[in-house]
Amino acid sequence: MKDRIGDAQSSLNESFQLLFGEHELLAKVIEFFPYPIQIFSTDGIARMINKATLEMIGIRDVESHVGIYNVFRDPIVRGLGCTEQVRQVLEGKTVYLTDFNVPYQDLKRHFNMEDRDIQTISSDITCFPLKNADGVFEYFAAVFIIKKYTGEKKKLI
Amino acid sequence: MHKGNERKMRNNAEGTQNNIMEEFQSFHGNEELLAKVIDCFPYPIEVYAPDGTAVLVNKAMLTEYHVSDPDMIIGNYNIFMDPPFIATGQFHLVKQAFQGETVFHPDIKVPLDKIAEQYGLSIEEFQLKCSVRATY
């Protein structure tokens, strides 16, 4: 009986793999990830963002961000004194920014943002390098764990 | 400015912009890069099939729980048959996730001693107990 269960399980896993190749499955995890994820090239330019980035941060559309926004030239990141800390990701380090509190009006001033009744977005941000098999990396990613919006009743934690 | 030069400049700018836009923000065709994001993600990620069987784990998951072989988990661990997890009384939250909701589950106390027992390992192989927040 144990063999039959094992066979059934293997069969299920095979079906799952056929339905989603492993890379496709992992891509879906990013696409449906409930927190914003942004992927940057090493020059700091955003190359890919997921749906949660638009919905939770309030960026109007992909076109006004991808290929245009540069995290190393972001005046808000600079104003919070975090630019050099973020740059450490280029040395292969994982960088943790905690309690990154951004006034929404500042975001609206600098970027193409939705109109929302929000004062501040409070988040923890983790930036990490994406290395290839040779240990070289051309991209890094940032995940935003959004903890709280002030000015709205909604809290996420 | 001469019209020919104007047209040339416009075409160059559009060409550059098109190159940038073509290169990215299509999830289709960039699966390898996206796979790398999950693989290098500094927090544990586990993906389950609808029957609750683990089908994918990332490196951070293996490191966090000191698991050297992913096959100990993939195809073998089933969240719906995990006694310590069932004992937390949060079973219904995972069920909700399988019904299409995003579920936030703060302050999970991971019962490392029970997990160690389940895999036939000693507690010493889990170096610390941790309190985590999970999102399904």
# chains A, B, ... in the order shown; residues from 1 in each chain; ligands from 1
call {"tool": "residues_around", "arguments": {"residues": "range 19-35 of chain A", "least_positions_apart": "6", "cutoff": "12 Å", "atoms": "only C-alpha atoms", "output": "ChimeraX atom specification"}}
result
/A:12-13,48-57,123-126,141-147,156 /B:25-41,45-49,55-58,97,100-104,134-136
call {"tool": "atom_distance", "arguments": {"atom1": "CA of Val71 in chain A", "atom2": "CA of Val95 in chain A"}}
result
13.8 Å
call {"tool": "closest_residue", "arguments": {"among": "B:Gly120, B:Gly52, B:Gly89, B:Pro42", "to": "chain A", "atoms": "only C-alpha atoms"}}
result
B:Pro42
call {"tool": "select_by_dssp", "arguments": {"residues": "chain A", "states": "strand (DSSP E)", "output": "MDAnalysis selection string"}}
result
chainID A and resid 37:41 46:49 95:103 120:131 137:150
call {"tool": "residues_around", "arguments": {"residues": "Asp115 in chain A", "least_positions_apart": "4", "cutoff": "12 Å", "atoms": "only C-alpha atoms", "output": "PyMOL selection string"}}
result
chain A and resi 57-60+104-105+107-109+111+119
call {"tool": "write_last_selection", "arguments": {"atoms": "N, CA and C atoms", "output": "PDB file, in the first residue's frame"}}
result
ATOM      1  N   ILE A  57       2.142  49.887  -4.188  1.00  0.00           N
ATOM      2  CA  ILE A  57       2.917  51.126  -4.073  1.00  0.00           C
ATOM      3  C   ILE A  57       2.164  52.276  -4.736  1.00  0.00           C
ATOM      4  N   GLY A  58       1.419  51.949  -5.795  1.00  0.00           N
ATOM      5  CA  GLY A  58       0.588  52.981  -6.404  1.00  0.00           C
ATOM      6  C   GLY A  58       1.166  53.560  -7.690  1.00  0.00           C
ATOM      7  N   ILE A  59       2.162  52.874  -8.247  1.00  0.00           N
ATOM      8  CA  ILE A  59       2.708  53.319  -9.537  1.00  0.00           C
ATOM      9  C   ILE A  59       1.616  53.139 -10.589  1.00  0.00           C
ATOM     10  N   ARG A  60       1.434  54.143 -11.426  1.00  0.00           N
ATOM     11  CA  ARG A  60       0.294  54.111 -12.371  1.00  0.00           C
ATOM     12  C   ARG A  60       0.417  52.987 -13.381  1.00  0.00           C
ATOM     13  N   TYR A 104       3.664  59.736   0.878  1.00  0.00           N
ATOM     14  CA  TYR A 104       3.075  59.470  -0.441  1.00  0.00           C
ATOM     15  C   TYR A 104       3.104  60.705  -1.337  1.00  0.00           C
ATOM     16  N   GLN A 105       2.984  61.891  -0.738  1.00  0.00           N
ATOM     17  CA  GLN A 105       3.023  63.110  -1.545  1.00  0.00           C
ATOM     18  C   GLN A 105       4.394  63.311  -2.190  1.00  0.00           C
ATOM     19  N   LEU A 107       6.249  60.809  -3.186  1.00  0.00           N
ATOM     20  CA  LEU A 107       6.225  59.878  -4.320  1.00  0.00           C
ATOM     21  C   LEU A 107       5.485  60.516  -5.499  1.00  0.00           C
ATOM     22  N   LYS A 108       4.369  61.175  -5.198  1.00  0.00           N
ATOM     23  CA  LYS A 108       3.562  61.799  -6.268  1.00  0.00           C
ATOM     24  C   LYS A 108       4.318  62.927  -6.942  1.00  0.00           C
ATOM     25  N   ARG A 109       5.137  63.620  -6.141  1.00  0.00           N
ATOM     26  CA  ARG A 109       5.881  64.757  -6.690  1.00  0.00           C
ATOM     27  C   ARG A 109       6.904  64.283  -7.723  1.00  0.00           C
ATOM     28  N   PHE A 111       7.160  60.901  -9.091  1.00  0.00           N
ATOM     29  CA  PHE A 111       6.850  59.781  -9.981  1.00  0.00           C
ATOM     30  C   PHE A 111       5.393  59.815 -10.411  1.00  0.00           C
ATOM     31  N   GLN A 119      -1.008  58.964   3.538  1.00  0.00           N
ATOM     32  CA  GLN A 119       0.038  59.890   3.971  1.00  0.00           C
ATOM     33  C   GLN A 119       1.421  59.269   3.812  1.00  0.00           C
TER      34      GLN A 119
END
call {"tool": "atom_distance", "arguments": {"atom1": "CA of Phe140 in chain A", "atom2": "CA of Phe100 in chain A"}}
result
18.7 Å
call {"tool": "select_by_dssp", "arguments": {"residues": "range 32-119 of chain B", "states": "helix (DSSP H, G or I)", "output": "PyMOL selection string"}}
result
chain B and resi 32-40+59-64+70-72+79-81+83-87+91-98+112-118
call {"tool": "write_last_selection", "arguments": {"atoms": "N, CA and C atoms", "output": "compact mmCIF listing (two decimals), in the first residue's frame"}}
result
# COMPACT_ATOMS: atom_id res chain seq x y z
N GLU B 32 13.78 32.38 -16.73
CA GLU B 32 15.03 31.98 -16.06
C GLU B 32 15.44 33.03 -15.02
N LEU B 33 15.30 34.29 -15.39
CA LEU B 33 15.64 35.36 -14.46
C LEU B 33 14.69 35.35 -13.27
N LEU B 34 13.42 35.15 -13.54
CA LEU B 34 12.44 35.12 -12.46
C LEU B 34 12.68 33.93 -11.55
N ALA B 35 13.09 32.81 -12.16
CA ALA B 35 13.41 31.62 -11.36
C ALA B 35 14.57 31.92 -10.42
N LYS B 36 15.51 32.73 -10.92
CA LYS B 36 16.67 33.09 -10.11
C LYS B 36 16.25 33.94 -8.92
N VAL B 37 15.24 34.79 -9.11
CA VAL B 37 14.75 35.62 -8.01
C VAL B 37 14.28 34.73 -6.86
N ILE B 38 13.54 33.70 -7.20
CA ILE B 38 13.03 32.78 -6.16
C ILE B 38 14.17 32.00 -5.54
N ASP B 39 15.08 31.55 -6.40
CA ASP B 39 16.19 30.74 -5.92
C ASP B 39 17.07 31.54 -4.96
N CYS B 40 17.31 32.81 -5.27
CA CYS B 40 18.19 33.67 -4.46
C CYS B 40 17.43 34.42 -3.38
N LYS B 59 16.36 27.86 -1.83
CA LYS B 59 17.58 27.60 -1.03
C LYS B 59 17.40 28.08 0.40
N ALA B 60 16.73 29.23 0.55
CA ALA B 60 16.57 29.80 1.89
C ALA B 60 15.76 28.86 2.79
N MET B 61 14.81 28.15 2.21
CA MET B 61 14.02 27.18 2.98
C MET B 61 14.92 26.04 3.46
N LEU B 62 15.75 25.55 2.57
CA LEU B 62 16.64 24.45 2.94
C LEU B 62 17.64 24.89 4.02
N THR B 63 18.16 26.10 3.86
CA THR B 63 19.14 26.61 4.82
C THR B 63 18.50 26.84 6.19
N GLU B 64 17.31 27.43 6.18
CA GLU B 64 16.63 27.77 7.43
C GLU B 64 16.37 26.54 8.28
N PRO B 70 16.74 18.52 -0.86
CA PRO B 70 15.37 18.98 -1.09
C PRO B 70 14.37 17.84 -1.26
N ASP B 71 14.85 16.67 -1.66
CA ASP B 71 13.95 15.53 -1.84
C ASP B 71 13.35 15.04 -0.52
N MET B 72 13.93 15.50 0.60
CA MET B 72 13.31 15.16 1.89
C MET B 72 11.95 15.86 2.00
N ILE B 79 1.48 19.48 3.73
CA ILE B 79 1.09 20.40 4.80
C ILE B 79 -0.23 19.99 5.46
N PHE B 80 -1.12 19.33 4.70
CA PHE B 80 -2.40 18.91 5.26
C PHE B 80 -2.28 17.67 6.14
N MET B 81 -1.10 17.04 6.08
CA MET B 81 -0.88 15.84 6.90
C MET B 81 0.20 16.08 7.94
N PRO B 83 1.08 16.95 11.46
CA PRO B 83 0.45 17.06 12.79
C PRO B 83 0.78 18.36 13.53
N PRO B 84 2.05 18.79 13.58
CA PRO B 84 2.32 20.05 14.29
C PRO B 84 1.57 21.22 13.66
N PHE B 85 1.47 21.23 12.31
CA PHE B 85 0.75 22.34 11.66
C PHE B 85 -0.73 22.26 11.98
N ILE B 86 -1.30 21.06 11.93
CA ILE B 86 -2.72 20.89 12.23
C ILE B 86 -3.00 21.34 13.67
N ALA B 87 -2.05 21.06 14.55
CA ALA B 87 -2.23 21.41 15.96
C ALA B 87 -2.25 22.93 16.19
N PHE B 91 -5.25 25.49 10.07
CA PHE B 91 -5.49 24.68 8.88
C PHE B 91 -6.41 25.41 7.89
N HIS B 92 -7.44 26.07 8.44
CA HIS B 92 -8.45 26.71 7.58
C HIS B 92 -7.85 27.85 6.77
N LEU B 93 -6.78 28.46 7.28
CA LEU B 93 -6.17 29.57 6.55
C LEU B 93 -5.50 29.07 5.27
N VAL B 94 -4.84 27.93 5.39
CA VAL B 94 -4.20 27.36 4.20
C VAL B 94 -5.26 26.92 3.20
N LYS B 95 -6.34 26.37 3.73
CA LYS B 95 -7.46 25.96 2.85
C LYS B 95 -7.98 27.17 2.06
N GLN B 96 -8.05 28.30 2.74
CA GLN B 96 -8.52 29.54 2.07
C GLN B 96 -7.57 29.92 0.93
N ALA B 97 -6.27 29.72 1.16
CA ALA B 97 -5.30 30.06 0.12
C ALA B 97 -5.51 29.16 -1.09
N PHE B 98 -5.81 27.91 -0.85
CA PHE B 98 -6.04 27.00 -1.98
C PHE B 98 -7.36 27.30 -2.69
N LEU B 112 10.00 23.27 16.09
CA LEU B 112 11.15 22.59 15.51
C LEU B 112 11.36 21.20 16.11
N ASP B 113 11.02 21.07 17.42
CA ASP B 113 11.25 19.77 18.05
C ASP B 113 10.34 18.70 17.43
N LYS B 114 9.10 19.08 17.15
CA LYS B 114 8.15 18.12 16.54
C LYS B 114 8.54 17.82 15.09
N ILE B 115 9.05 18.84 14.38
CA ILE B 115 9.48 18.64 13.00
C ILE B 115 10.70 17.71 12.98
N ALA B 116 11.61 17.96 13.91
CA ALA B 116 12.80 17.11 14.01
C ALA B 116 12.39 15.66 14.25
N GLU B 117 11.41 15.49 15.14
CA GLU B 117 10.93 14.15 15.48
C GLU B 117 10.34 13.48 14.25
N GLN B 118 9.59 14.28 13.47
CA GLN B 118 8.92 13.74 12.28
C GLN B 118 9.91 13.23 11.24
call {"tool": "atom_distance", "arguments": {"atom1": "CA of Pro75 in chain A", "atom2": "CA of Gly44 in chain A"}}
result
13.2 Å
call {"tool": "closest_residue", "arguments": {"among": "A:Arg73, A:Arg78, A:Lys93, A:Lys148", "to": "Ser122 in chain A", "atoms": "only C-alpha atoms"}}
result
A:Lys148
